[in-house]
$ cat input_7.cif   # mmCIF, N, CA and C atoms
data_structure
loop_
_atom_site.label_atom_id
_atom_site.label_comp_id
_atom_site.auth_asym_id
_atom_site.auth_seq_id
_atom_site.Cartn_x
_atom_site.Cartn_y
_atom_site.Cartn_z
N MET E 43 5.25 10.79 24.25
CA MET E 43 5.26 9.35 24.34
C MET E 43 4.19 8.74 23.44
N ALA E 44 2.99 9.35 23.40
CA ALA E 44 1.93 8.82 22.54
C ALA E 44 2.35 8.87 21.08
N GLN E 45 3.10 9.92 20.69
CA GLN E 45 3.56 10.03 19.31
C GLN E 45 4.44 8.84 18.94
N ASN E 46 5.34 8.43 19.84
CA ASN E 46 6.21 7.28 19.58
C ASN E 46 5.42 6.00 19.47
N SER E 47 4.41 5.81 20.32
CA SER E 47 3.62 4.57 20.24
C SER E 47 2.76 4.56 18.98
N ASN E 48 2.27 5.72 18.56
CA ASN E 48 1.51 5.79 17.31
C ASN E 48 2.41 5.47 16.12
N ARG E 49 3.59 6.02 16.11
CA ARG E 49 4.54 5.76 15.02
C ARG E 49 4.90 4.27 14.98
N ALA E 50 5.11 3.67 16.14
CA ALA E 50 5.42 2.23 16.19
C ALA E 50 4.25 1.40 15.67
N ALA E 51 3.03 1.82 15.97
CA ALA E 51 1.85 1.10 15.48
C ALA E 51 1.73 1.23 13.97
N VAL E 52 2.01 2.40 13.43
CA VAL E 52 1.98 2.60 11.98
C VAL E 52 3.06 1.74 11.32
N GLU E 53 4.22 1.68 11.93
CA GLU E 53 5.31 0.84 11.43
C GLU E 53 4.87 -0.63 11.36
N GLN E 54 4.17 -1.11 12.37
CA GLN E 54 3.68 -2.49 12.36
C GLN E 54 2.69 -2.73 11.22
N VAL E 55 1.80 -1.77 10.99
CA VAL E 55 0.84 -1.89 9.89
C VAL E 55 1.59 -1.97 8.56
N MET E 56 2.59 -1.14 8.39
CA MET E 56 3.34 -1.13 7.14
C MET E 56 4.12 -2.41 6.94
N GLN E 57 4.68 -2.94 7.99
CA GLN E 57 5.39 -4.23 7.88
C GLN E 57 4.42 -5.33 7.45
N GLN E 58 3.20 -5.30 7.98
CA GLN E 58 2.19 -6.28 7.60
C GLN E 58 1.82 -6.12 6.13
N LEU E 59 1.65 -4.88 5.67
CA LEU E 59 1.33 -4.65 4.27
C LEU E 59 2.45 -5.18 3.38
N MET E 60 3.69 -4.92 3.74
CA MET E 60 4.83 -5.40 2.95
C MET E 60 4.83 -6.93 2.88
N ARG E 61 4.53 -7.60 3.98
CA ARG E 61 4.43 -9.07 3.97
C ARG E 61 3.32 -9.52 3.03
N GLY E 62 2.20 -8.81 3.03
CA GLY E 62 1.10 -9.14 2.13
C GLY E 62 1.49 -8.97 0.67
N PHE E 63 2.19 -7.87 0.36
CA PHE E 63 2.67 -7.65 -1.01
C PHE E 63 3.60 -8.79 -1.43
N GLU E 64 4.57 -9.10 -0.57
CA GLU E 64 5.57 -10.13 -0.89
C GLU E 64 4.92 -11.49 -1.11
N ALA E 65 3.92 -11.81 -0.31
CA ALA E 65 3.25 -13.10 -0.42
C ALA E 65 2.16 -13.11 -1.48
N GLY E 66 1.77 -11.92 -1.96
CA GLY E 66 0.66 -11.85 -2.92
C GLY E 66 -0.64 -12.31 -2.31
N ASP E 67 -0.81 -12.04 -1.01
CA ASP E 67 -1.91 -12.63 -0.24
C ASP E 67 -2.85 -11.54 0.29
N SER E 68 -4.08 -11.53 -0.24
CA SER E 68 -5.03 -10.50 0.18
C SER E 68 -5.42 -10.65 1.65
N ALA E 69 -5.40 -11.86 2.19
CA ALA E 69 -5.73 -12.04 3.62
C ALA E 69 -4.72 -11.28 4.48
N LEU E 70 -3.46 -11.34 4.12
CA LEU E 70 -2.43 -10.59 4.85
C LEU E 70 -2.60 -9.09 4.63
N ILE E 71 -2.95 -8.72 3.40
CA ILE E 71 -3.18 -7.30 3.09
C ILE E 71 -4.28 -6.74 3.99
N PHE E 72 -5.36 -7.51 4.16
CA PHE E 72 -6.49 -7.01 4.93
C PHE E 72 -6.25 -6.99 6.44
N GLU E 73 -5.11 -7.48 6.88
CA GLU E 73 -4.72 -7.26 8.27
C GLU E 73 -4.19 -5.84 8.44
N ALA E 74 -3.86 -5.19 7.31
CA ALA E 74 -3.34 -3.82 7.33
C ALA E 74 -4.30 -2.82 6.70
N PHE E 75 -5.11 -3.25 5.75
CA PHE E 75 -5.94 -2.38 4.94
C PHE E 75 -7.41 -2.67 5.25
N ARG E 76 -8.16 -1.63 5.56
CA ARG E 76 -9.59 -1.81 5.84
C ARG E 76 -10.30 -2.31 4.57
N LYS E 77 -11.18 -3.29 4.73
CA LYS E 77 -11.92 -3.80 3.57
C LYS E 77 -12.82 -2.73 2.97
N ASP E 78 -13.25 -1.76 3.78
CA ASP E 78 -14.08 -0.68 3.25
C ASP E 78 -13.25 0.52 2.79
N GLY E 79 -11.95 0.32 2.68
CA GLY E 79 -11.07 1.37 2.21
C GLY E 79 -11.22 1.59 0.71
N ILE E 80 -10.52 2.62 0.21
CA ILE E 80 -10.60 2.94 -1.21
C ILE E 80 -9.21 3.05 -1.82
N VAL E 81 -9.16 2.83 -3.13
CA VAL E 81 -7.93 2.93 -3.91
C VAL E 81 -8.24 3.82 -5.10
N VAL E 82 -7.43 4.86 -5.28
CA VAL E 82 -7.66 5.83 -6.35
C VAL E 82 -6.35 6.06 -7.10
N GLY E 83 -6.45 6.11 -8.43
CA GLY E 83 -5.29 6.40 -9.25
C GLY E 83 -5.71 6.89 -10.62
N HIS E 84 -4.74 7.11 -11.47
CA HIS E 84 -5.00 7.58 -12.82
C HIS E 84 -4.45 6.57 -13.81
N SER E 85 -5.31 6.08 -14.68
CA SER E 85 -4.90 5.13 -15.71
C SER E 85 -4.44 5.90 -16.94
N THR E 86 -3.17 5.77 -17.28
CA THR E 86 -2.68 6.42 -18.50
C THR E 86 -3.24 5.72 -19.73
N ALA E 87 -3.57 4.43 -19.60
CA ALA E 87 -4.13 3.68 -20.73
C ALA E 87 -5.50 4.22 -21.14
N THR E 88 -6.32 4.58 -20.15
CA THR E 88 -7.67 5.07 -20.46
C THR E 88 -7.79 6.58 -20.32
N GLY E 89 -6.81 7.19 -19.64
CA GLY E 89 -6.88 8.63 -19.41
C GLY E 89 -7.90 9.01 -18.36
N LYS E 90 -8.30 8.05 -17.53
CA LYS E 90 -9.34 8.30 -16.55
C LYS E 90 -8.87 7.99 -15.13
N ILE E 91 -9.57 8.60 -14.19
CA ILE E 91 -9.37 8.28 -12.78
C ILE E 91 -9.99 6.91 -12.51
N VAL E 92 -9.26 6.08 -11.80
CA VAL E 92 -9.73 4.75 -11.44
C VAL E 92 -10.00 4.75 -9.93
N THR E 93 -11.20 4.35 -9.55
CA THR E 93 -11.56 4.24 -8.14
C THR E 93 -12.05 2.82 -7.89
N LEU E 94 -11.42 2.17 -6.93
CA LEU E 94 -11.77 0.80 -6.56
C LEU E 94 -12.00 0.71 -5.07
N THR E 95 -12.82 -0.24 -4.66
CA THR E 95 -12.86 -0.56 -3.24
C THR E 95 -11.60 -1.35 -2.93
N ALA E 96 -11.23 -1.41 -1.68
CA ALA E 96 -10.07 -2.20 -1.30
C ALA E 96 -10.27 -3.67 -1.68
N GLU E 97 -11.50 -4.14 -1.56
CA GLU E 97 -11.76 -5.54 -1.93
C GLU E 97 -11.57 -5.77 -3.42
N GLU E 98 -12.00 -4.82 -4.26
CA GLU E 98 -11.79 -4.96 -5.70
C GLU E 98 -10.30 -4.94 -6.03
N TRP E 99 -9.57 -4.04 -5.41
CA TRP E 99 -8.13 -3.93 -5.63
C TRP E 99 -7.43 -5.22 -5.22
N ALA E 100 -7.82 -5.79 -4.10
CA ALA E 100 -7.16 -6.99 -3.56
C ALA E 100 -7.40 -8.23 -4.41
N GLU E 101 -8.38 -8.17 -5.32
CA GLU E 101 -8.60 -9.30 -6.23
C GLU E 101 -7.37 -9.55 -7.10
N GLY E 102 -6.50 -8.56 -7.23
CA GLY E 102 -5.28 -8.70 -8.02
C GLY E 102 -4.18 -9.49 -7.33
N PHE E 103 -4.41 -9.91 -6.10
CA PHE E 103 -3.43 -10.70 -5.37
C PHE E 103 -3.81 -12.18 -5.47
N PRO E 104 -2.99 -12.99 -6.13
CA PRO E 104 -3.37 -14.37 -6.43
C PRO E 104 -3.22 -15.37 -5.28
N GLY E 105 -2.72 -14.92 -4.12
CA GLY E 105 -2.54 -15.85 -3.01
C GLY E 105 -1.19 -16.52 -3.01
N LYS E 106 -0.32 -16.06 -3.89
CA LYS E 106 1.06 -16.56 -3.94
C LYS E 106 1.95 -15.43 -4.44
N PRO E 107 3.25 -15.51 -4.17
CA PRO E 107 4.14 -14.45 -4.62
C PRO E 107 4.13 -14.32 -6.14
N ALA E 108 4.36 -13.12 -6.63
CA ALA E 108 4.48 -12.89 -8.07
C ALA E 108 5.69 -13.66 -8.60
N ALA E 109 5.62 -14.07 -9.84
CA ALA E 109 6.71 -14.84 -10.45
C ALA E 109 8.03 -14.06 -10.40
N ASP E 110 7.96 -12.74 -10.46
CA ASP E 110 9.17 -11.91 -10.43
C ASP E 110 9.38 -11.23 -9.07
N GLU E 111 8.82 -11.80 -8.01
CA GLU E 111 8.90 -11.17 -6.68
C GLU E 111 10.34 -10.84 -6.28
N ASP E 112 11.29 -11.68 -6.65
CA ASP E 112 12.68 -11.43 -6.27
C ASP E 112 13.25 -10.19 -6.95
N GLN E 113 12.57 -9.68 -7.98
CA GLN E 113 13.02 -8.48 -8.69
C GLN E 113 12.20 -7.24 -8.30
N ARG E 114 11.22 -7.41 -7.44
CA ARG E 114 10.37 -6.29 -7.02
C ARG E 114 10.97 -5.65 -5.76
N HIS E 115 11.09 -4.36 -5.81
CA HIS E 115 11.66 -3.63 -4.67
C HIS E 115 10.64 -2.61 -4.18
N ARG E 116 10.44 -2.60 -2.86
CA ARG E 116 9.49 -1.67 -2.24
C ARG E 116 10.16 -1.02 -1.04
N THR E 117 9.95 0.27 -0.94
CA THR E 117 10.39 0.99 0.26
C THR E 117 9.25 1.90 0.69
N TYR E 118 9.29 2.28 1.95
CA TYR E 118 8.27 3.22 2.41
C TYR E 118 8.88 4.18 3.41
N GLU E 119 8.21 5.32 3.50
CA GLU E 119 8.62 6.36 4.44
C GLU E 119 7.36 6.87 5.15
N ILE E 120 7.39 6.83 6.46
CA ILE E 120 6.30 7.39 7.25
C ILE E 120 6.50 8.90 7.26
N LEU E 121 5.58 9.61 6.61
CA LEU E 121 5.73 11.06 6.44
C LEU E 121 5.22 11.86 7.63
N ASP E 122 4.12 11.40 8.23
CA ASP E 122 3.53 12.16 9.32
C ASP E 122 2.62 11.24 10.13
N VAL E 123 2.61 11.45 11.44
CA VAL E 123 1.74 10.68 12.33
C VAL E 123 1.18 11.64 13.38
N THR E 124 -0.14 11.65 13.51
CA THR E 124 -0.78 12.37 14.60
C THR E 124 -1.48 11.32 15.46
N ASP E 125 -2.33 11.74 16.36
CA ASP E 125 -3.07 10.77 17.17
C ASP E 125 -4.11 10.00 16.37
N GLU E 126 -4.62 10.61 15.29
CA GLU E 126 -5.73 10.01 14.55
C GLU E 126 -5.42 9.58 13.13
N ILE E 127 -4.38 10.18 12.51
CA ILE E 127 -4.12 9.91 11.09
C ILE E 127 -2.62 9.87 10.84
N ALA E 128 -2.24 9.08 9.84
CA ALA E 128 -0.84 9.02 9.41
C ALA E 128 -0.80 8.99 7.89
N MET E 129 0.32 9.46 7.33
CA MET E 129 0.52 9.44 5.89
C MET E 129 1.85 8.75 5.61
N VAL E 130 1.81 7.80 4.66
CA VAL E 130 2.99 7.01 4.32
C VAL E 130 3.17 7.03 2.81
N LYS E 131 4.41 7.19 2.37
CA LYS E 131 4.75 7.12 0.95
C LYS E 131 5.43 5.78 0.69
N VAL E 132 4.94 5.06 -0.33
CA VAL E 132 5.51 3.77 -0.72
C VAL E 132 6.05 3.92 -2.14
N VAL E 133 7.31 3.53 -2.35
CA VAL E 133 7.92 3.56 -3.67
C VAL E 133 8.03 2.12 -4.16
N LEU E 134 7.50 1.89 -5.38
CA LEU E 134 7.47 0.56 -5.97
C LEU E 134 8.38 0.56 -7.20
N ASN E 135 9.37 -0.30 -7.21
CA ASN E 135 10.26 -0.45 -8.34
C ASN E 135 10.16 -1.90 -8.78
N TYR E 136 9.30 -2.14 -9.75
CA TYR E 136 9.05 -3.49 -10.26
C TYR E 136 9.67 -3.61 -11.64
N PRO E 137 9.88 -4.83 -12.13
CA PRO E 137 10.45 -4.98 -13.47
C PRO E 137 9.67 -4.23 -14.55
N GLY E 138 8.37 -4.17 -14.48
CA GLY E 138 7.58 -3.50 -15.50
C GLY E 138 6.89 -2.24 -15.04
N TRP E 139 7.20 -1.74 -13.82
CA TRP E 139 6.43 -0.63 -13.26
C TRP E 139 7.27 0.16 -12.26
N ASP E 140 7.22 1.47 -12.39
CA ASP E 140 7.73 2.38 -11.36
C ASP E 140 6.53 3.12 -10.82
N GLY E 141 6.29 3.01 -9.53
CA GLY E 141 5.11 3.65 -8.98
C GLY E 141 5.33 4.24 -7.60
N VAL E 142 4.38 5.05 -7.21
CA VAL E 142 4.36 5.65 -5.88
C VAL E 142 2.93 5.54 -5.36
N ASP E 143 2.80 5.08 -4.14
CA ASP E 143 1.52 5.05 -3.44
C ASP E 143 1.61 6.01 -2.26
N TYR E 144 0.53 6.71 -2.00
CA TYR E 144 0.39 7.47 -0.76
C TYR E 144 -0.74 6.82 0.02
N LEU E 145 -0.43 6.40 1.23
CA LEU E 145 -1.40 5.70 2.07
C LEU E 145 -1.82 6.58 3.22
N ALA E 146 -3.12 6.66 3.44
CA ALA E 146 -3.67 7.35 4.61
C ALA E 146 -4.11 6.27 5.59
N LEU E 147 -3.57 6.33 6.79
CA LEU E 147 -3.94 5.41 7.86
C LEU E 147 -4.75 6.16 8.89
N LEU E 148 -5.76 5.50 9.41
CA LEU E 148 -6.59 6.08 10.46
C LEU E 148 -6.49 5.24 11.73
N ASN E 149 -6.54 5.92 12.85
CA ASN E 149 -6.57 5.27 14.15
C ASN E 149 -8.02 5.29 14.62
N ILE E 150 -8.70 4.16 14.47
CA ILE E 150 -10.11 4.06 14.83
C ILE E 150 -10.24 3.10 15.99
N ASP E 151 -10.76 3.60 17.10
CA ASP E 151 -10.92 2.79 18.31
C ASP E 151 -9.61 2.14 18.74
N GLY E 152 -8.51 2.88 18.58
CA GLY E 152 -7.21 2.39 19.04
C GLY E 152 -6.51 1.44 18.09
N LYS E 153 -7.06 1.24 16.89
CA LYS E 153 -6.44 0.34 15.92
C LYS E 153 -6.09 1.11 14.65
N TRP E 154 -4.83 1.06 14.27
CA TRP E 154 -4.37 1.71 13.05
C TRP E 154 -4.58 0.78 11.87
N MET E 155 -5.15 1.34 10.79
CA MET E 155 -5.30 0.59 9.54
C MET E 155 -5.25 1.56 8.37
N ILE E 156 -4.91 1.04 7.20
CA ILE E 156 -4.90 1.83 5.98
C ILE E 156 -6.35 2.03 5.54
N ALA E 157 -6.72 3.28 5.31
CA ALA E 157 -8.08 3.60 4.87
C ALA E 157 -8.14 3.94 3.39
N SER E 158 -7.03 4.49 2.86
CA SER E 158 -7.04 4.82 1.44
C SER E 158 -5.63 4.76 0.87
N LYS E 159 -5.62 4.51 -0.43
CA LYS E 159 -4.36 4.43 -1.19
C LYS E 159 -4.56 5.21 -2.47
N SER E 160 -3.70 6.19 -2.71
CA SER E 160 -3.68 6.92 -3.97
C SER E 160 -2.39 6.52 -4.67
N TRP E 161 -2.50 6.15 -5.93
CA TRP E 161 -1.32 5.65 -6.64
C TRP E 161 -1.09 6.38 -7.94
N GLY E 162 0.13 6.32 -8.37
CA GLY E 162 0.53 6.83 -9.68
C GLY E 162 1.78 6.10 -10.10
N GLY E 163 2.03 6.10 -11.39
CA GLY E 163 3.23 5.45 -11.88
C GLY E 163 3.21 5.31 -13.37
N LYS E 164 4.23 4.62 -13.86
CA LYS E 164 4.31 4.40 -15.30
C LYS E 164 4.94 3.05 -15.58
N ARG E 165 4.50 2.50 -16.69
CA ARG E 165 5.06 1.23 -17.13
C ARG E 165 6.48 1.45 -17.65
N LYS E 166 7.32 0.46 -17.40
CA LYS E 166 8.67 0.48 -17.94
C LYS E 166 8.66 -0.24 -19.28
N PRO E 167 9.52 0.19 -20.19
CA PRO E 167 9.59 -0.52 -21.46
C PRO E 167 10.08 -1.96 -21.23
N ALA E 168 9.56 -2.87 -22.02
CA ALA E 168 9.98 -4.27 -21.91
C ALA E 168 11.45 -4.39 -22.31
N THR E 169 12.17 -5.22 -21.58
CA THR E 169 13.57 -5.48 -21.92
C THR E 169 13.68 -6.85 -22.56
N SER E 170 14.57 -6.97 -23.52
CA SER E 170 14.70 -8.27 -24.18
C SER E 170 15.89 -9.02 -23.72
#
$ encode --input "input_7.cif" --output "structure tokens"
Amino acid sequence: MAQNSNRAAVEQVMQQLMRGFEAGDSALIFEAFRKDGIVVGHSTATGKIVTLTAEEWAEGFPGKPAADEDQRHRTYEILDVTDEIAMVKVVLNYPGWDGVDYLALLNIDGKWMIASKSWGGKRKPATS
């Protein structure tokens, strides 16, 4: 029974994150993502690992939906849930980007939140 309630709680966090992405709103994002969380990925442009705080990463959200939001598609799959940690895969299909995020969620004091995000992806060629 606890496994089902944990999975349901993780599902709620993910729905909140998706609303934040759709709205382009960091305040909504931080209802799902810990402000002291981390974001890690690899920049093909620089050839380096990029590490940001969640607050630095969230600066990219302008407080309104992206101009091409209607063309952005996101799906997620909850891969595993225990009593303390969960792992979720997010697939991002944007007009200029194909990406995958892996999110680690922690259950701290009975509250599930995203603690880290590891990302990878590639830019799509511009279409005319």
$ resolve_selection --input "input_7.cif" --expression "the PyMOL selection byres ((chain E and resi 51-58) around 8)" --output "PyMOL selection string"
chain E and resi 45-50+59-64+70-75+120+128+147+153-156
$ residues_around --input "input_7.cif" --residues "segment 76-87 of chain E" --least-positions-apart "6" --cutoff "5 Å" --atoms "all atoms listed in the file" --output "number ranges by chain"
E: 93-97, 156-161
$ write_last_selection --input "input_7.cif" --atoms "N, CA and C atoms" --output "PDB file, keeping the file's coordinate frame"
ATOM      1  N   THR E  93     -11.200   4.350  -9.550  1.00  0.00           N
ATOM      2  CA  THR E  93     -11.560   4.240  -8.140  1.00  0.00           C
ATOM      3  C   THR E  93     -12.050   2.820  -7.890  1.00  0.00           C
ATOM      4  N   LEU E  94     -11.420   2.170  -6.930  1.00  0.00           N
ATOM      5  CA  LEU E  94     -11.770   0.800  -6.560  1.00  0.00           C
ATOM      6  C   LEU E  94     -12.000   0.710  -5.070  1.00  0.00           C
ATOM      7  N   THR E  95     -12.820  -0.240  -4.660  1.00  0.00           N
ATOM      8  CA  THR E  95     -12.860  -0.560  -3.240  1.00  0.00           C
ATOM      9  C   THR E  95     -11.600  -1.350  -2.930  1.00  0.00           C
ATOM     10  N   ALA E  96     -11.230  -1.410  -1.680  1.00  0.00           N
ATOM     11  CA  ALA E  96     -10.070  -2.200  -1.300  1.00  0.00           C
ATOM     12  C   ALA E  96     -10.270  -3.670  -1.680  1.00  0.00           C
ATOM     13  N   GLU E  97     -11.500  -4.140  -1.560  1.00  0.00           N
ATOM     14  CA  GLU E  97     -11.760  -5.540  -1.930  1.00  0.00           C
ATOM     15  C   GLU E  97     -11.570  -5.770  -3.420  1.00  0.00           C
ATOM     16  N   ILE E 156      -4.910   1.040   7.200  1.00  0.00           N
ATOM     17  CA  ILE E 156      -4.900   1.830   5.980  1.00  0.00           C
ATOM     18  C   ILE E 156      -6.350   2.030   5.540  1.00  0.00           C
ATOM     19  N   ALA E 157      -6.720   3.280   5.310  1.00  0.00           N
ATOM     20  CA  ALA E 157      -8.080   3.600   4.870  1.00  0.00           C
ATOM     21  C   ALA E 157      -8.140   3.940   3.390  1.00  0.00           C
ATOM     22  N   SER E 158      -7.030   4.490   2.860  1.00  0.00           N
ATOM     23  CA  SER E 158      -7.040   4.820   1.440  1.00  0.00           C
ATOM     24  C   SER E 158      -5.630   4.760   0.870  1.00  0.00           C
ATOM     25  N   LYS E 159      -5.620   4.510  -0.430  1.00  0.00           N
ATOM     26  CA  LYS E 159      -4.360   4.430  -1.190  1.00  0.00           C
ATOM     27  C   LYS E 159      -4.560   5.210  -2.470  1.00  0.00           C
ATOM     28  N   SER E 160      -3.700   6.190  -2.710  1.00  0.00           N
ATOM     29  CA  SER E 160      -3.680   6.920  -3.970  1.00  0.00           C
ATOM     30  C   SER E 160      -2.390   6.520  -4.670  1.00  0.00           C
ATOM     31  N   TRP E 161      -2.500   6.150  -5.930  1.00  0.00           N
ATOM     32  CA  TRP E 161      -1.320   5.650  -6.640  1.00  0.00           C
ATOM     33  C   TRP E 161      -1.090   6.380  -7.940  1.00  0.00           C
TER      34      TRP E 161
END
$ select_by_dssp --input "input_7.cif" --residues "segment 70-114 of chain E" --states "strand (DSSP E)" --output "PyMOL selection string"
chain E and resi 75-85+90-95
$ atom_distance --input "input_7.cif" --atom1 "atom CA of Trp139 of chain E" --atom2 "atom CA of Thr117 of chain E"
14.2 Å
$ atom_distance --input "input_7.cif" --atom1 "atom N of Pro167 of chain E" --atom2 "atom N of Gly138 of chain E"
7.3 Å
$ residues_near_point --input "input_7.cif" --point "(9.4, -0.3, 0.1)" --cutoff "6.5 Å" --atoms "all atoms listed in the file" --output "ChimeraX atom specification"
/E:115-118,132-134
$ write_last_selection --input "input_7.cif" --atoms "N, CA and C atoms" --output "compact mmCIF listing (two decimals), keeping the file's coordinate frame"
# COMPACT_ATOMS: atom_id res chain seq x y z
N HIS E 115 11.09 -4.36 -5.81
CA HIS E 115 11.66 -3.63 -4.67
C HIS E 115 10.64 -2.61 -4.18
N ARG E 116 10.44 -2.60 -2.86
CA ARG E 116 9.49 -1.67 -2.24
C ARG E 116 10.16 -1.02 -1.04
N THR E 117 9.95 0.27 -0.94
CA THR E 117 10.39 0.99 0.26
C THR E 117 9.25 1.90 0.69
N TYR E 118 9.29 2.28 1.95
CA TYR E 118 8.27 3.22 2.41
C TYR E 118 8.88 4.18 3.41
N VAL E 132 4.94 5.06 -0.33
CA VAL E 132 5.51 3.77 -0.72
C VAL E 132 6.05 3.92 -2.14
N VAL E 133 7.31 3.53 -2.35
CA VAL E 133 7.92 3.56 -3.67
C VAL E 133 8.03 2.12 -4.16
N LEU E 134 7.50 1.89 -5.38
CA LEU E 134 7.47 0.56 -5.97
C LEU E 134 8.38 0.56 -7.20
$ decode --input "input_7.cif" --residues "segment 86-97 of chain E" --atoms "N, CA and C atoms" --output "tab-separated table (two decimals), in the first residue's frame"
chain	number	residue	atom	x	y	z
E	86	THR	N	27.38	19.99	-25.83
E	86	THR	CA	28.12	19.63	-27.03
E	86	THR	C	28.81	20.86	-27.62
E	87	ALA	N	28.26	22.04	-27.36
E	87	ALA	CA	28.86	23.28	-27.87
E	87	ALA	C	30.23	23.53	-27.25
E	88	THR	N	30.36	23.26	-25.95
E	88	THR	CA	31.64	23.52	-25.27
E	88	THR	C	32.43	22.24	-25.02
E	89	GLY	N	31.76	21.10	-25.13
E	89	GLY	CA	32.42	19.83	-24.85
E	89	GLY	C	32.65	19.60	-23.37
E	90	LYS	N	31.92	20.32	-22.53
E	90	LYS	CA	32.13	20.23	-21.09
E	90	LYS	C	30.85	19.83	-20.35
E	91	ILE	N	31.06	19.31	-19.16
E	91	ILE	CA	29.96	19.04	-18.25
E	91	ILE	C	29.46	20.38	-17.70
E	92	VAL	N	28.16	20.54	-17.68
E	92	VAL	CA	27.54	21.76	-17.16
E	92	VAL	C	26.84	21.39	-15.85
E	93	THR	N	27.15	22.11	-14.80
E	93	THR	CA	26.50	21.90	-13.51
E	93	THR	C	25.90	23.23	-13.05
E	94	LEU	N	24.62	23.20	-12.77
E	94	LEU	CA	23.89	24.39	-12.33
E	94	LEU	C	23.13	24.09	-11.06
E	95	THR	N	22.90	25.10	-10.26
E	95	THR	CA	21.93	24.94	-9.18
E	95	THR	C	20.55	24.98	-9.82
E	96	ALA	N	19.57	24.46	-9.12
E	96	ALA	CA	18.20	24.52	-9.64
E	96	ALA	C	17.77	25.97	-9.86
E	97	GLU	N	18.21	26.86	-8.98
E	97	GLU	CA	17.85	28.27	-9.14
E	97	GLU	C	18.47	28.86	-10.40
